[in-house]
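Colleague: I am sharing query_1.pdb, which consists of PDB, C-alpha atoms:
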ATOM      1  CA  MET A   1      86.716 135.269  88.565
ATOM      2  CA  LYS A   2      85.967 132.919  91.466
ATOM      3  CA  ARG A   3      88.197 130.241  89.951
ATOM      4  CA  PHE A   4      91.240 132.485  89.558
ATOM      5  CA  PRO A   5      92.594 132.072  93.143
ATOM      6  CA  VAL A   6      92.101 128.310  92.921
ATOM      7  CA  LEU A   7      93.905 128.135  89.560
ATOM      8  CA  CYS A   8      96.754 130.293  90.896
ATOM      9  CA  SER A   9      97.138 128.020  93.921
ATOM     10  CA  ALA A  10      97.168 124.916  91.722
ATOM     11  CA  ALA A  11      99.749 126.439  89.371
ATOM     12  CA  LEU A  12     101.935 127.430  92.305
ATOM     13  CA  LEU A  13     101.723 123.917  93.703
ATOM     14  CA  VAL A  14     102.696 122.349  90.354
ATOM     15  CA  LEU A  15     105.620 124.758  89.955
ATOM     16  CA  SER A  16     106.896 124.059  93.452
ATOM     17  CA  LEU A  17     106.725 120.298  92.913
ATOM     18  CA  THR A  18     108.452 120.398  89.532
ATOM     19  CA  GLY A  19     110.975 122.963  90.746
ATOM     20  CA  CYS A  20     112.376 120.432  93.212
ATOM     21  CA  ASP A  21     113.320 118.108  90.376
ATOM     22  CA  SER A  22     114.598 120.595  87.817
ATOM     23  CA  ASN A  23     118.314 119.985  88.583
ATOM     24  CA  ALA A  24     117.958 116.229  88.226
ATOM     25  CA  SER A  25     116.709 116.578  84.659
ATOM     26  CA  SER A  26     119.609 118.862  83.681
ATOM     27  CA  GLY A  27     121.931 115.885  83.636
ATOM     28  CA  SER A  28     124.526 117.463  85.914
ATOM     29  CA  PRO A  29     126.285 114.931  88.146
ATOM     30  CA  SER A  30     125.915 117.157  91.220
ATOM     31  CA  ALA A  31     122.139 116.800  91.083
ATOM     32  CA  VAL A  32     122.277 113.087  91.935
ATOM     33  CA  SER A  33     122.191 112.374  95.646
ATOM     34  CA  SER A  34     122.463 109.132  97.503
ATOM     35  CA  ALA A  35     122.269 108.160 101.135
ATOM     36  CA  PRO A  36     125.634 107.474 102.716
ATOM     37  CA  ALA A  37     126.331 103.755 102.888
ATOM     38  CA  ALA A  38     128.173 104.041 106.213
ATOM     39  CA  THR A  39     125.068 104.875 108.281
ATOM     40  CA  PRO A  40     122.708 101.874 108.272
ATOM     41  CA  GLN A  41     119.069 102.611 109.001
ATOM     42  CA  THR A  42     118.052 101.108 112.344
ATOM     43  CA  GLN A  43     114.785  99.248 112.255
ATOM     44  CA  LYS A  44     111.983 100.526 114.444
ATOM     45  CA  PRO A  45     110.179  98.241 116.876
ATOM     46  CA  THR A  46     107.001  96.546 115.722
ATOM     47  CA  ILE A  47     103.928  95.346 117.565
ATOM     48  CA  THR A  48     101.676  92.591 116.285
ATOM     49  CA  ILE A  49      98.242  92.407 117.886
ATOM     50  CA  SER A  50      96.002  89.352 117.523
ATOM     51  CA  LYS A  51      92.497  88.757 118.843
ATOM     52  CA  VAL A  52      91.268  85.596 120.560
ATOM     53  CA  THR A  53      87.629  84.850 121.450
ATOM     54  CA  GLU A  54      86.446  82.068 123.770
ATOM     55  CA  HIS A  55      82.935  81.000 124.797
ATOM     56  CA  TYR A  56      83.113  78.901 127.960
ATOM     57  CA  LYS A  57      80.083  76.637 128.350
ATOM     58  CA  SER A  58      78.715  74.709 131.303
ATOM     59  CA  ASP A  59      79.858  71.131 131.715
ATOM     60  CA  ASP A  60      76.576  69.933 130.201
ATOM     61  CA  GLY A  61      77.028  72.353 127.264
ATOM     62  CA  LYS A  62      73.623  73.981 127.718
ATOM     63  CA  VAL A  63      74.673  77.462 128.827
ATOM     64  CA  VAL A  64      77.419  79.886 127.901
ATOM     65  CA  LEU A  65      78.957  80.762 131.259
ATOM     66  CA  LEU A  66      81.492  83.322 130.085
ATOM     67  CA  ASN A  67      82.275  85.101 126.859
ATOM     68  CA  SER A  68      85.870  86.200 126.861
ATOM     69  CA  GLU A  69      87.993  87.935 124.285
ATOM     70  CA  TRP A  70      91.463  89.339 124.473
ATOM     71  CA  ASN A  71      94.269  90.706 122.388
ATOM     72  CA  THR A  72      97.753  89.336 122.480
ATOM     73  CA  ALA A  73     100.595  91.720 121.703
ATOM     74  CA  THR A  74     103.901  90.478 120.337
ATOM     75  CA  VAL A  75     106.737  92.996 120.379
ATOM     76  CA  SER A  76     109.832  92.978 118.215
ATOM     77  CA  ILE A  77     112.758  95.327 118.904
ATOM     78  CA  PRO A  78     115.361  94.529 116.239
ATOM     79  CA  GLY A  79     118.900  94.562 117.585
ATOM     80  CA  ASN A  80     117.833  94.700 121.222
ATOM     81  CA  GLU A  81     116.669  91.275 122.326
ATOM     82  CA  GLY A  82     117.062  92.141 126.037
ATOM     83  CA  ALA A  83     114.609  95.050 125.838
ATOM     84  CA  GLN A  84     112.297  92.969 123.649
ATOM     85  CA  ALA A  85     112.259  90.164 126.233
ATOM     86  CA  ALA A  86     111.554  92.625 129.077
ATOM     87  CA  VAL A  87     108.611  94.244 127.257
ATOM     88  CA  GLN A  88     107.206  90.879 126.147
ATOM     89  CA  SER A  89     107.492  89.487 129.675
ATOM     90  CA  ASP A  90     105.462  92.404 131.059
ATOM     91  CA  LEU A  91     102.790  92.012 128.371
ATOM     92  CA  ASP A  92     102.641  88.254 128.996
ATOM     93  CA  GLN A  93     102.119  88.927 132.725
ATOM     94  CA  ILE A  94      99.197  91.267 131.956
ATOM     95  CA  LEU A  95      97.623  88.534 129.797
ATOM     96  CA  GLU A  96      98.209  85.833 132.433
ATOM     97  CA  THR A  97      96.516  87.967 135.101
ATOM     98  CA  PHE A  98      93.558  88.618 132.792
ATOM     99  CA  GLN A  99      93.201  84.916 131.969
ATOM    100  CA  ALA A 100      93.397  83.901 135.652
ATOM    101  CA  THR A 101      90.648  86.380 136.528
ATOM    102  CA  SER A 102      88.559  85.152 133.593
ATOM    103  CA  GLN A 103      88.941  81.595 134.886
ATOM    104  CA  GLU A 104      87.637  82.736 138.291
ATOM    105  CA  TYR A 105      84.608  84.339 136.590
ATOM    106  CA  ARG A 106      83.941  81.108 134.688
ATOM    107  CA  GLN A 107      84.197  78.998 137.855
ATOM    108  CA  ASP A 108      81.825  81.331 139.726
ATOM    109  CA  ALA A 109      79.285  81.117 136.902
ATOM    110  CA  GLU A 110      79.634  77.307 136.787
ATOM    111  CA  THR A 111      79.013  77.112 140.553
ATOM    112  CA  LEU A 112      75.888  79.279 140.271
ATOM    113  CA  TYR A 113      74.629  77.166 137.381
ATOM    114  CA  GLN A 114      75.217  73.905 139.265
ATOM    115  CA  GLU A 115      73.439  75.301 142.338
ATOM    116  CA  GLY A 116      70.317  75.754 140.241
ATOM    117  CA  GLU A 117      70.429  79.448 139.500
ATOM    118  CA  PRO A 118      67.848  79.987 136.762
ATOM    119  CA  ILE A 119      70.340  81.495 134.319
ATOM    120  CA  ALA A 120      69.669  78.867 131.644
ATOM    121  CA  ALA A 121      65.896  79.381 131.758
ATOM    122  CA  ASP A 122      66.026  83.189 131.878
ATOM    123  CA  PRO A 123      65.170  84.517 128.386
ATOM    124  CA  ILE A 124      67.089  87.755 128.967
ATOM    125  CA  TYR A 125      70.120  86.089 130.508
ATOM    126  CA  ARG A 126      73.362  87.522 129.285
ATOM    127  CA  ALA A 127      76.515  85.559 130.015
ATOM    128  CA  PRO A 128      79.287  87.259 131.947
ATOM    129  CA  TYR A 129      81.793  88.933 129.707
ATOM    130  CA  ARG A 130      85.512  89.661 130.044
ATOM    131  CA  ALA A 131      87.624  91.530 127.520
ATOM    132  CA  LEU A 132      91.199  92.722 127.299
ATOM    133  CA  ASN A 133      91.764  95.099 124.427
ATOM    134  CA  ILE A 134      95.278  96.297 123.600
ATOM    135  CA  THR A 135      95.827  99.075 121.072
ATOM    136  CA  ARG A 136      99.020 100.682 119.911
ATOM    137  CA  ALA A 137      99.387 104.376 120.719
ATOM    138  CA  ARG A 138     103.070 104.927 119.886
ATOM    139  CA  CYS A 139     105.857 102.764 118.555
ATOM    140  CA  ASP A 140     109.111 104.411 117.537
ATOM    141  CA  GLY A 141     112.812 104.291 118.337
ATOM    142  CA  ASP A 142     112.262 105.763 121.816
ATOM    143  CA  VAL A 143     108.975 104.567 123.288
ATOM    144  CA  ILE A 144     106.420 101.822 122.863
ATOM    145  CA  SER A 145     103.071 102.962 124.244
ATOM    146  CA  LEU A 146     100.022 100.732 124.478
ATOM    147  CA  VAL A 147      96.502 101.494 125.699
ATOM    148  CA  ILE A 148      94.947  98.629 127.630
ATOM    149  CA  ASP A 149      91.197  98.378 128.213
ATOM    150  CA  GLU A 150      89.799  95.743 130.544
ATOM    151  CA  THR A 151      86.040  95.279 130.515
ATOM    152  CA  SER A 152      83.917  93.031 132.706
ATOM    153  CA  TYR A 153      80.217  92.317 132.952
ATOM    154  CA  THR A 154      78.854  89.993 135.608
ATOM    155  CA  GLY A 155      75.175  90.828 135.454
ATOM    156  CA  GLY A 156      72.968  93.695 136.398
ATOM    157  CA  ALA A 157      72.751  97.101 134.802
ATOM    158  CA  HIS A 158      76.447  97.982 134.682
ATOM    159  CA  GLY A 159      79.758  96.421 133.840
ATOM    160  CA  SER A 160      83.147  97.741 134.746
ATOM    161  CA  ASP A 161      85.817  99.298 132.600
ATOM    162  CA  TYR A 162      89.420  99.882 133.469
ATOM    163  CA  ARG A 163      91.709 101.742 131.056
ATOM    164  CA  TYR A 164      95.382 102.465 131.425
ATOM    165  CA  ALA A 165      98.483 103.003 129.322
ATOM    166  CA  ARG A 166     101.647 100.980 129.444
ATOM    167  CA  ASN A 167     104.772 102.761 128.205
ATOM    168  CA  TYR A 168     108.115 101.076 127.619
ATOM    169  CA  ASP A 169     111.602 102.431 127.028
ATOM    170  CA  VAL A 170     112.778 100.831 123.778
ATOM    171  CA  THR A 171     116.447 100.800 124.788
ATOM    172  CA  THR A 172     115.955  99.081 128.170
ATOM    173  CA  GLY A 173     112.483  97.519 128.014
ATOM    174  CA  GLN A 174     111.581  99.104 131.357
ATOM    175  CA  VAL A 175     108.062 100.250 132.095
ATOM    176  CA  LEU A 176     108.112 104.040 132.105
ATOM    177  CA  GLN A 177     106.556 105.806 135.080
ATOM    178  CA  LEU A 178     105.242 109.369 135.131
ATOM    179  CA  THR A 179     108.479 110.504 136.773
ATOM    180  CA  ASP A 180     110.452 109.122 133.807
TER     181      ASP A 180
END
What's the structure tokens form of this structure?
Modeller:
Amino acid sequence: MKRFPVLCSAALLVLSLTGCDSNASSGSPSAVSSAPAATPQTQKPTITISKVTEHYKSDDGKVVLLNSEWNTATVSIPGNEGAQAAVQSDLDQILETFQATSQEYRQDAETLYQEGEPIAADPIYRAPYRALNITRARCDGDVISLVIDETSYTGGAHGSDYRYARNYDVTTGQVLQLTD
């Protein structure tokens, strides 16, 4: 008796699925449908995300001064190269800023190492760390939305995390603000 409701639900599901196709098997020409050829399907934007990891060592190669990893995002908006270029330019600027800051971290660590800071001899030394993580939140015909996480660790008990979203209008490539 406990199986009866489950069997009824399964039978109802099978009937509803086969009921959708019953006209097609009757052989009547009106049962065949096709998409109109006059309305081409527009392609949605795509985002390709790749990860890069770098370990910057001291000039003498003895110590890792900075571990850095970042994602690169490549955007494609078929049929709208202007919007694609605008979005890609903004993403490239975010990456350039991250890489410039990472270079500053590496130079600071190199200076400390050259000044004799005992980082190489410290058994619990952990190299500074920088990361830029980009993940896709939304990508459709209206909006491209990415979540960007920047993480830094320069020593001590805590690092820093900074998370924000970057939203783009697919038709114009503009960065969308809250007021938009």
Colleague: How would you write as a list in words the residues that get within 6 Å of (97.1, 99.7, 123.0) in the file's frame, counting all atoms listed in the file?
Modeller: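 Here the neighbourhood of the point contains Ile134, Thr135, Arg136, Ala137, Leu146, Val147 and Ile148 of chain A.
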Colleague: What lies within 9 Å of Val170 of chain A using only C-alpha atoms, ignoring chain neighbours under 2 positions off, as a list in words?
Modeller: Pro45, Ile77, Asn80, Ala83, Gln84, Val87, Cys139, Asp140, Gly141, Asp142, Val143, Ile144, Tyr168, Thr172, Gly173 and Gln174 of chain A
Colleague: Please write the residues from the selection above to a file, keeping C-alpha atoms, as a PDB file, in the coordinates of the input.
Modeller:
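Okay, out29.pdb is ready:
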ATOM      1  CA  PRO A  45     110.179  98.241 116.876  1.00  0.00           C
ATOM      2  CA  ILE A  77     112.758  95.327 118.904  1.00  0.00           C
ATOM      3  CA  ASN A  80     117.833  94.700 121.222  1.00  0.00           C
ATOM      4  CA  ALA A  83     114.609  95.050 125.838  1.00  0.00           C
ATOM      5  CA  GLN A  84     112.297  92.969 123.649  1.00  0.00           C
ATOM      6  CA  VAL A  87     108.611  94.244 127.257  1.00  0.00           C
ATOM      7  CA  CYS A 139     105.857 102.764 118.555  1.00  0.00           C
ATOM      8  CA  ASP A 140     109.111 104.411 117.537  1.00  0.00           C
ATOM      9  CA  GLY A 141     112.812 104.291 118.337  1.00  0.00           C
ATOM     10  CA  ASP A 142     112.262 105.763 121.816  1.00  0.00           C
ATOM     11  CA  VAL A 143     108.975 104.567 123.288  1.00  0.00           C
ATOM     12  CA  ILE A 144     106.420 101.822 122.863  1.00  0.00           C
ATOM     13  CA  TYR A 168     108.115 101.076 127.619  1.00  0.00           C
ATOM     14  CA  THR A 172     115.955  99.081 128.170  1.00  0.00           C
ATOM     15  CA  GLY A 173     112.483  97.519 128.014  1.00  0.00           C
ATOM     16  CA  GLN A 174     111.581  99.104 131.357  1.00  0.00           C
TER      17      GLN A 174
END
Colleague: Taking the file as shown, find all residues satisfying the PyMOL selection byres ((chain A and resi 98-107) around 8) and write them as a VMD selection string.
Modeller: chain A and resid 56 65 to 66 68 94 to 97 108 to 111 128 130 132
Colleague: Output the selection as a JSON list (two decimals), in the coordinates of the input - C-alpha atoms for each residue.
Modeller:
[["chain", "number", "residue", "atom", "x", "y", "z"],
["A", 56, "TYR", "CA", 83.11, 78.90, 127.96],
["A", 65, "LEU", "CA", 78.96, 80.76, 131.26],
["A", 66, "LEU", "CA", 81.49, 83.32, 130.08],
["A", 68, "SER", "CA", 85.87, 86.20, 126.86],
["A", 94, "ILE", "CA", 99.20, 91.27, 131.96],
["A", 95, "LEU", "CA", 97.62, 88.53, 129.80],
["A", 96, "GLU", "CA", 98.21, 85.83, 132.43],
["A", 97, "THR", "CA", 96.52, 87.97, 135.10],
["A", 108, "ASP", "CA", 81.82, 81.33, 139.73],
["A", 109, "ALA", "CA", 79.28, 81.12, 136.90],
["A", 110, "GLU", "CA", 79.63, 77.31, 136.79],
["A", 111, "THR", "CA", 79.01, 77.11, 140.55],
["A", 128, "PRO", "CA", 79.29, 87.26, 131.95],
["A", 130, "ARG", "CA", 85.51, 89.66, 130.04],
["A", 132, "LEU", "CA", 91.20, 92.72, 127.30]]
Colleague: So, with only C-alpha atoms as the atoms that count, which of A:Leu91, A:Tyr129, A:Gln177, A:Gly82 lies closest to His158 of chain A?
Modeller: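 Smallest distance to His158 of chain A is found for A:Tyr129.
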Colleague: Rank nothing, just name the residue among A:Gln93, A:Thr72, A:Tyr113, A:Ser160 nearest to Lys57 of chain A, using all atoms listed in the file.
Modeller: A:Tyr113
Colleague: When you count all atoms listed in the file, which of these residues is closest to Ser145 of chain A: A:Val175, A:Val63, A:Ala127, A:Leu112?
Modeller: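 Using all atoms listed in the file, Ser145 of chain A sits closest to A:Val175.
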Colleague: Give me the box for segment 43-49 of chain A as AutoDock Vina command-line options, namely the centre and edge lengths in Å to one decimal of a box along x, y and z that holds every listed atom plus 6 Å on each side.
Modeller:
--center_x 106.5 --center_y 96.5 --center_z 115.1 --size_x 28.5 --size_y 20.1 --size_z 17.6
Colleague: Would you list the residues near (101.9, 92.2, 116.0) (no more than 7 Å away, in the coordinates of the file, using all atoms listed in the file) as an mmCIF file with C-alpha atoms, keeping the file's coordinate frame?
Modeller:
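Printed below is out_9.cif as written:
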data_model
loop_
_atom_site.group_PDB
_atom_site.id
_atom_site.type_symbol
_atom_site.label_atom_id
_atom_site.label_comp_id
_atom_site.auth_asym_id
_atom_site.auth_seq_id
_atom_site.Cartn_x
_atom_site.Cartn_y
_atom_site.Cartn_z
ATOM 1 C CA THR A 46 107.001 96.546 115.722
ATOM 2 C CA ILE A 47 103.928 95.346 117.565
ATOM 3 C CA THR A 48 101.676 92.591 116.285
ATOM 4 C CA ILE A 49 98.242 92.407 117.886
ATOM 5 C CA SER A 50 96.002 89.352 117.523
ATOM 6 C CA ALA A 73 100.595 91.720 121.703
ATOM 7 C CA THR A 74 103.901 90.478 120.337
ATOM 8 C CA VAL A 75 106.737 92.996 120.379
#
